[in-house]
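**Q** One file is attached below, coords.cif, containing mmCIF, C-alpha atoms.
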data_data
loop_
_atom_site.label_atom_id
_atom_site.label_comp_id
_atom_site.auth_asym_id
_atom_site.auth_seq_id
_atom_site.Cartn_x
_atom_site.Cartn_y
_atom_site.Cartn_z
CA MET A 1 -11.66 130.05 -10.42
CA PRO A 2 -8.86 128.45 -12.48
CA ALA A 3 -9.37 131.09 -15.15
CA LYS A 4 -8.81 133.84 -12.61
CA THR A 5 -5.54 132.38 -11.31
CA LYS A 6 -4.32 132.01 -14.86
CA ARG A 7 -4.98 135.66 -15.56
CA SER A 8 -3.16 136.81 -12.42
CA GLY A 9 -0.24 134.61 -13.55
CA VAL A 10 -0.07 136.51 -16.83
CA LYS A 11 -0.25 139.79 -14.98
CA LEU A 12 2.63 138.75 -12.76
CA GLN A 13 4.71 137.91 -15.85
CA LEU A 14 3.93 141.27 -17.42
CA ASP A 15 4.93 143.07 -14.26
CA SER A 16 8.33 141.47 -14.23
CA LEU A 17 8.79 142.37 -17.91
CA THR A 18 11.13 145.31 -17.47
CA PRO A 19 12.70 146.88 -20.59
CA GLN A 20 15.96 145.02 -19.91
CA VAL A 21 14.21 141.64 -19.72
CA TYR A 22 12.27 142.45 -22.88
CA LYS A 23 15.48 143.34 -24.69
CA GLN A 24 17.02 140.03 -23.74
CA MET A 25 13.92 138.15 -24.89
CA ALA A 26 13.81 140.04 -28.19
CA LYS A 27 17.52 139.45 -28.76
CA LYS A 28 17.01 135.67 -28.44
CA HIS A 29 14.43 135.67 -31.24
CA GLU A 30 16.14 138.17 -33.53
CA PRO A 31 17.34 136.40 -36.70
CA SER A 32 21.12 136.31 -36.72
CA ARG A 33 22.57 138.33 -39.58
CA PRO A 34 24.59 136.43 -42.16
CA VAL A 35 27.53 138.79 -41.77
CA PHE A 36 29.96 136.89 -43.97
CA LYS A 37 27.52 136.48 -46.85
CA ASN A 38 26.54 140.16 -46.64
CA CYS A 39 30.19 141.19 -46.74
CA ILE A 40 30.86 139.08 -49.84
CA ARG A 41 27.86 140.61 -51.56
CA ALA A 42 28.89 144.14 -50.52
CA PHE A 43 32.43 143.50 -51.78
CA LEU A 44 31.32 142.19 -55.18
CA SER A 45 28.65 144.81 -55.85
CA GLY A 46 30.61 147.74 -54.44
CA GLY A 47 33.68 146.67 -56.36
CA LEU A 48 31.65 146.37 -59.54
CA ILE A 49 30.25 149.91 -59.16
CA CYS A 50 33.78 151.27 -58.66
CA LEU A 51 34.91 149.26 -61.69
CA ILE A 52 32.19 150.89 -63.79
CA GLY A 53 33.29 154.25 -62.40
CA GLN A 54 36.87 153.54 -63.39
CA ALA A 55 35.75 152.61 -66.92
CA VAL A 56 33.75 155.86 -67.24
CA GLN A 57 36.74 157.83 -65.94
CA GLN A 58 39.02 156.11 -68.46
CA VAL A 59 36.63 157.13 -71.27
CA PHE A 60 36.69 160.77 -70.13
CA MET A 61 40.48 160.74 -69.86
CA ALA A 62 40.93 159.22 -73.31
CA ASN A 63 38.38 161.32 -75.19
CA PHE A 64 38.66 164.73 -73.53
CA ASP A 65 42.33 164.72 -72.62
CA MET A 66 41.70 165.04 -68.88
CA THR A 67 43.91 164.25 -65.92
CA PRO A 68 42.51 161.67 -63.48
CA ARG A 69 41.59 164.43 -61.04
CA GLU A 70 39.77 166.47 -63.69
CA ALA A 71 37.91 163.37 -64.85
CA ALA A 72 36.67 162.50 -61.34
CA SER A 73 33.87 165.10 -61.28
CA PRO A 74 32.24 164.18 -64.62
CA THR A 75 32.60 160.51 -63.67
CA VAL A 76 30.66 161.09 -60.45
CA ALA A 77 28.01 163.02 -62.40
CA VAL A 78 27.58 160.12 -64.86
CA LEU A 79 27.28 157.58 -62.05
CA ILE A 80 24.70 159.77 -60.32
CA LEU A 81 22.70 160.04 -63.55
CA ILE A 82 22.73 156.24 -63.94
CA SER A 83 21.71 155.81 -60.31
CA VAL A 84 18.82 158.29 -60.63
CA ILE A 85 17.53 156.54 -63.77
CA LEU A 86 17.70 153.14 -62.07
CA THR A 87 15.95 154.56 -59.01
CA CYS A 88 13.13 155.90 -61.19
CA PHE A 89 12.50 152.43 -62.59
CA GLY A 90 12.62 150.91 -59.11
CA VAL A 91 15.65 148.83 -60.05
CA TYR A 92 18.15 150.38 -57.62
CA ASP A 93 16.12 149.52 -54.54
CA LYS A 94 15.78 145.90 -55.70
CA LEU A 95 19.54 145.74 -56.22
CA ALA A 96 20.09 147.31 -52.80
CA GLN A 97 18.25 144.46 -51.10
CA TRP A 98 20.79 142.01 -52.44
CA CYS A 99 23.87 144.23 -52.25
CA GLY A 100 23.46 145.89 -48.84
CA ALA A 101 26.27 148.36 -48.26
CA GLY A 102 27.65 147.57 -51.75
CA THR A 103 25.09 149.92 -53.31
CA ALA A 104 24.78 152.28 -50.33
CA VAL A 105 28.41 153.29 -49.83
CA PRO A 106 29.31 154.38 -53.39
CA VAL A 107 28.17 157.84 -54.47
CA THR A 108 25.33 156.15 -56.37
CA GLY A 109 23.72 155.33 -53.00
CA PHE A 110 23.86 159.02 -52.06
CA ALA A 111 22.03 159.89 -55.29
CA ASN A 112 19.58 157.05 -54.72
CA SER A 113 18.67 158.33 -51.26
CA MET A 114 18.03 161.83 -52.64
CA CYS A 115 16.07 160.67 -55.67
CA SER A 116 13.88 158.22 -53.78
CA ALA A 117 13.11 160.86 -51.14
CA ALA A 118 12.19 163.30 -53.92
CA LEU A 119 9.93 160.75 -55.63
CA GLU A 120 8.33 159.64 -52.38
CA HIS A 121 7.33 163.15 -51.30
CA ARG A 122 6.39 164.43 -54.78
CA ALA A 123 2.69 163.93 -54.00
CA GLU A 124 2.90 166.47 -51.15
CA GLY A 125 3.80 169.24 -53.58
CA ILE A 126 6.90 170.43 -55.38
CA VAL A 127 8.09 172.97 -52.79
CA LEU A 128 6.94 171.56 -49.45
CA GLY A 129 7.11 167.92 -50.51
CA MET A 130 9.80 167.17 -53.05
CA ALA A 131 12.25 170.02 -52.52
CA ALA A 132 11.93 170.14 -48.73
CA ASN A 133 12.42 166.40 -48.27
CA MET A 134 15.11 165.76 -50.87
CA PHE A 135 17.92 165.92 -48.28
CA LYS A 136 16.00 164.02 -45.61
CA LEU A 137 18.38 161.06 -45.77
CA ALA A 138 21.37 162.58 -47.55
CA GLY A 139 21.45 165.61 -45.27
CA SER A 140 23.27 163.89 -42.43
CA VAL A 141 26.13 163.00 -44.75
CA ILE A 142 26.53 166.60 -45.91
CA VAL A 143 26.24 168.04 -42.40
CA PHE A 144 28.85 165.75 -40.88
CA GLY A 145 31.15 166.03 -43.90
CA VAL A 146 31.07 169.84 -43.80
CA VAL A 147 31.50 170.05 -40.04
CA ALA A 148 34.43 167.63 -40.18
CA ALA A 149 36.04 169.59 -43.04
CA PHE A 150 35.56 172.86 -41.13
CA ILE A 151 37.16 171.50 -37.96
CA ILE A 152 40.06 170.08 -39.93
CA GLY A 153 40.52 173.46 -41.62
CA ILE A 154 40.64 175.18 -38.22
CA VAL A 155 43.19 172.65 -36.98
CA TYR A 156 45.32 173.34 -40.05
CA ILE A 157 45.24 177.09 -39.36
CA PHE A 158 46.42 176.56 -35.80
CA LEU A 159 49.14 174.18 -36.91
CA GLY A 160 50.15 176.79 -39.50
CA HIS A 161 50.18 174.24 -42.28
CA GLY A 162 48.09 176.01 -44.90
CA GLY A 163 47.24 173.30 -47.39
CA GLY A 164 50.67 171.76 -46.96
CA HIS A 165 50.37 168.28 -48.39
CA LEU A 166 48.21 169.17 -51.38
CA MET B 1 45.84 147.03 -63.38
CA ILE B 2 44.06 150.12 -62.10
CA PHE B 3 40.79 148.31 -62.83
CA VAL B 4 41.70 145.47 -60.47
CA TRP B 5 42.65 147.84 -57.67
CA ALA B 6 39.53 149.94 -58.26
CA PHE B 7 37.45 146.79 -57.80
CA VAL B 8 39.33 145.56 -54.73
CA VAL B 9 39.65 148.86 -52.87
CA GLY B 10 36.08 149.96 -53.71
CA GLY B 11 34.80 146.57 -52.60
CA LEU B 12 36.75 146.70 -49.34
CA ILE B 13 35.38 150.14 -48.45
CA CYS B 14 31.88 148.75 -49.00
CA VAL B 15 32.74 145.78 -46.76
CA ILE B 16 33.73 148.24 -44.01
CA GLY B 17 30.32 149.85 -44.46
CA GLN B 18 28.62 146.45 -44.28
CA LEU B 19 30.50 145.58 -41.09
CA LEU B 20 29.43 148.88 -39.51
CA LEU B 21 25.82 147.98 -40.39
CA ASP B 22 25.87 144.32 -39.33
CA VAL B 23 28.41 144.06 -36.53
CA VAL B 24 28.40 147.52 -34.91
CA LYS B 25 24.65 147.72 -35.75
CA LEU B 26 24.61 151.35 -36.84
CA THR B 27 21.71 152.67 -38.90
CA PRO B 28 22.47 153.39 -42.59
CA ALA B 29 22.52 157.14 -41.89
CA HIS B 30 25.03 156.68 -39.05
CA THR B 31 27.16 154.42 -41.25
CA MET B 32 27.32 156.94 -44.10
CA SER B 33 28.09 159.82 -41.73
CA ALA B 34 30.85 157.78 -40.10
CA LEU B 35 32.38 156.93 -43.48
CA VAL B 36 32.31 160.57 -44.62
CA VAL B 37 34.03 161.71 -41.43
CA ALA B 38 36.54 158.87 -41.82
CA GLY B 39 37.28 160.04 -45.38
CA ALA B 40 37.72 163.62 -44.17
CA ILE B 41 40.19 162.56 -41.46
CA ALA B 42 42.02 160.27 -43.89
CA ASP B 43 42.55 163.26 -46.18
CA ALA B 44 43.65 165.49 -43.30
CA VAL B 45 46.46 163.11 -42.38
CA GLY B 46 47.35 162.73 -46.04
CA ILE B 47 46.58 159.07 -46.72
CA TYR B 48 43.54 159.46 -48.99
CA ASP B 49 45.35 161.08 -51.91
CA PRO B 50 47.83 158.23 -52.32
CA LEU B 51 44.89 155.83 -52.17
CA VAL B 52 43.13 157.68 -55.02
CA LYS B 53 46.34 157.58 -57.08
CA PHE B 54 46.63 153.86 -56.40
CA ALA B 55 43.02 152.73 -56.81
CA GLY B 56 41.42 155.43 -59.01
CA ALA B 57 37.65 155.18 -58.91
CA GLY B 58 37.91 152.54 -56.19
CA ALA B 59 38.69 155.40 -53.82
CA SER B 60 36.94 158.29 -55.57
CA VAL B 61 33.50 156.66 -56.03
CA PRO B 62 32.69 155.55 -52.43
CA ILE B 63 31.16 158.16 -50.13
CA THR B 64 34.44 158.48 -48.22
CA SER B 65 35.76 160.54 -51.15
CA PHE B 66 33.00 163.04 -50.42
CA GLY B 67 34.59 163.82 -47.07
CA ASN B 68 37.97 163.83 -48.77
CA SER B 69 36.84 166.39 -51.37
CA LEU B 70 35.23 168.64 -48.75
CA VAL B 71 38.51 168.82 -46.83
CA HIS B 72 40.48 169.25 -50.05
CA GLY B 73 38.35 172.19 -51.17
CA ALA B 74 38.66 173.85 -47.78
CA LEU B 75 42.43 173.38 -47.55
CA ILE B 76 43.15 174.54 -51.12
CA GLU B 77 41.14 177.73 -50.57
CA LEU B 78 42.80 178.15 -47.19
CA GLU B 79 46.17 178.17 -48.87
CA GLN B 80 45.13 180.54 -51.65
CA THR B 81 42.90 183.08 -49.90
CA GLY B 82 43.66 182.74 -46.20
CA TRP B 83 41.46 181.72 -43.29
CA ILE B 84 38.14 182.68 -44.95
CA GLY B 85 38.91 179.93 -47.47
CA ILE B 86 37.71 177.31 -45.03
CA VAL B 87 34.11 178.40 -45.47
CA THR B 88 34.32 179.55 -49.09
CA GLY B 89 36.15 176.48 -50.34
CA ILE B 90 34.40 173.54 -48.71
CA PHE B 91 32.05 172.84 -51.63
CA ASN B 92 34.52 173.72 -54.40
CA ILE B 93 35.27 170.17 -55.49
CA THR B 94 32.10 168.36 -54.41
CA SER B 95 29.95 170.75 -56.40
CA ALA B 96 29.66 168.29 -59.31
CA GLY B 97 28.30 165.52 -57.12
CA ILE B 98 25.85 167.57 -55.10
CA SER B 99 24.61 169.75 -57.97
CA SER B 100 24.05 166.85 -60.34
CA ALA B 101 22.32 164.81 -57.64
CA ILE B 102 19.97 167.73 -56.92
CA VAL B 103 19.23 168.54 -60.56
CA PHE B 104 18.75 164.95 -61.72
CA SER B 105 16.60 164.07 -58.70
CA PHE B 106 14.49 167.19 -59.26
CA LEU B 107 13.92 166.40 -62.93
CA ALA B 108 13.24 162.74 -62.13
CA ALA B 109 10.62 163.63 -59.53
CA LEU B 110 8.92 165.96 -62.01
CA LEU B 111 8.84 163.39 -64.78
CA VAL B 112 8.36 160.05 -63.07
CA ARG B 113 5.61 158.49 -60.98
CA PRO B 114 7.09 156.59 -58.03
CA LYS B 115 7.49 152.85 -58.55
CA GLY B 116 8.37 149.83 -56.44
#
Could you render the structure from this file as structure tokens?

**A**
Amino acid sequence: MPAKTKRSGVKLQLDSLTPQVYKQMAKKHEPSRPVFKNCIRAFLSGGLICLIGQAVQQVFMANFDMTPREAASPTVAVLILISVILTCFGVYDKLAQWCGAGTAVPVTGFANSMCSAALEHRAEGIVLGMAANMFKLAGSVIVFGVVAAFIIGIVYIFLGHGGGHL
Amino acid sequence: MIFVWAFVVGGLICVIGQLLLDVVKLTPAHTMSALVVAGAIADAVGIYDPLVKFAGAGASVPITSFGNSLVHGALIELEQTGWIGIVTGIFNITSAGISSAIVFSFLAALLVRPKG
């Protein structure tokens, strides 16, 4: 008899476990995120990546007689190449665990998401696996960037600005 | 001096990303999309260009500059060729980033077995 009452007690508890109650319970046991520490790490690592980018850009400007704006594209390409190589050796994902947004926000994180998706789905074939999944993670960035740029362009037409401030 | 500002500004943009992840609790994909749109709007109101002049790679390496370049390409073409420029010009400047990311990732996936 005692066993039976116990079981009905559990059942009663489960019945009262609505999604809202569950959310509250889960929230209590969720580890609190060390926000400050994460921000320091993101600042240092993200800053360092931009510093490397600036150094690469400086090299392009000095050796090929480029303006800063002309040097920006080859700089991005070099950073992407570095990021892809590091991703291939599994280094970038290890760094990302320490750095958080510091490695995700720079353009290297964009390349990392494409390269790791390509590597991950390589086994499913070159066309249906690698090529089809390459933009799985990076796609949202491109979609929202393009849509935003398009809307801004439309707004500029209606305001009659052309490319005024450029 | 540009190196210092590249470090500081680049780091701060990454901190904004980290705060969106940790405090606002967005997923990484939502965070990146939000930053790109923020960069696009920042260019539209004309504050991203001065930032790039001031901080160099600190502003041109984070993903926000991707949104900035998309808008830039669209607006430059808009000025030169008229309204059709919005669709023909969007990828003008970002081509280097997207093309190299595609090509390098493709070659990497052909050559390398996944690790880690």

**Q** For the interface of range 18-90 of chain A with range 33-52 of chain B (cut-off 12 Å, counting all atoms listed in the file), please tabulate each contacting residue of range 18-90 of chain A alongside its nearest pair of atoms and their separation in Å to one decimal, rows sorted by chain and increasing number, as CSV.

**A**
residue,atom,partner,partner_atom,distance
A:Cys50,CA,B:Val52,CA,11.9
A:Gln54,CA,B:Val52,CA,11.2
A:Pro68,CA,B:Val52,CA,9.4
A:Arg69,CA,B:Val52,CA,9.2
A:Ala72,CA,B:Val52,CA,10.2

**Q** What residues in chain A have any atom no more than 7 Å from chain B when counting all atoms listed in the file, and can you write them as JSON, numbers by chain?

**A** {"A": [33, 35, 39, 42, 43, 44, 46, 47, 48, 50, 51, 53, 54, 73, 76, 77, 80, 81, 84, 88, 89, 90, 100, 101, 102, 105, 106, 107, 111, 114, 115, 118, 119, 120, 122, 137, 140, 141, 144, 145, 146, 148, 149, 150, 152, 153, 162, 163, 165]}

**Q** Using Å and a single decimal, report how far CA of Glu30 in chain A sits from CA of Gln97 in chain A.

**A**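 Spanning CA of Gln97 in chain A to CA of Glu30 in chain A is a straight-line distance of 18.8 Å.
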
**Q** What residues come out when you apply the PyMOL selection byres ((chain A and resi 92) around 10) to this file, written as a VMD selection string?

**A** (chain A and resid 82 to 91 93 to 97 99 103 108 to 109 112 116) or (chain B and resid 116)

**Q** What does the structure give for the distance between CA of Ser45 in chain A and CA of Leu79 in chain A, in Å to one decimal?

**A**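 We find that CA of Ser45 in chain A and CA of Leu79 in chain A lie 14.3 Å from each other.
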
**Q** So the first atom is CA of Thr67 in chain A and the second is CA of Ile84 in chain B; what is the distance between them in Å, to one decimal place?

**A** 28.5 Å
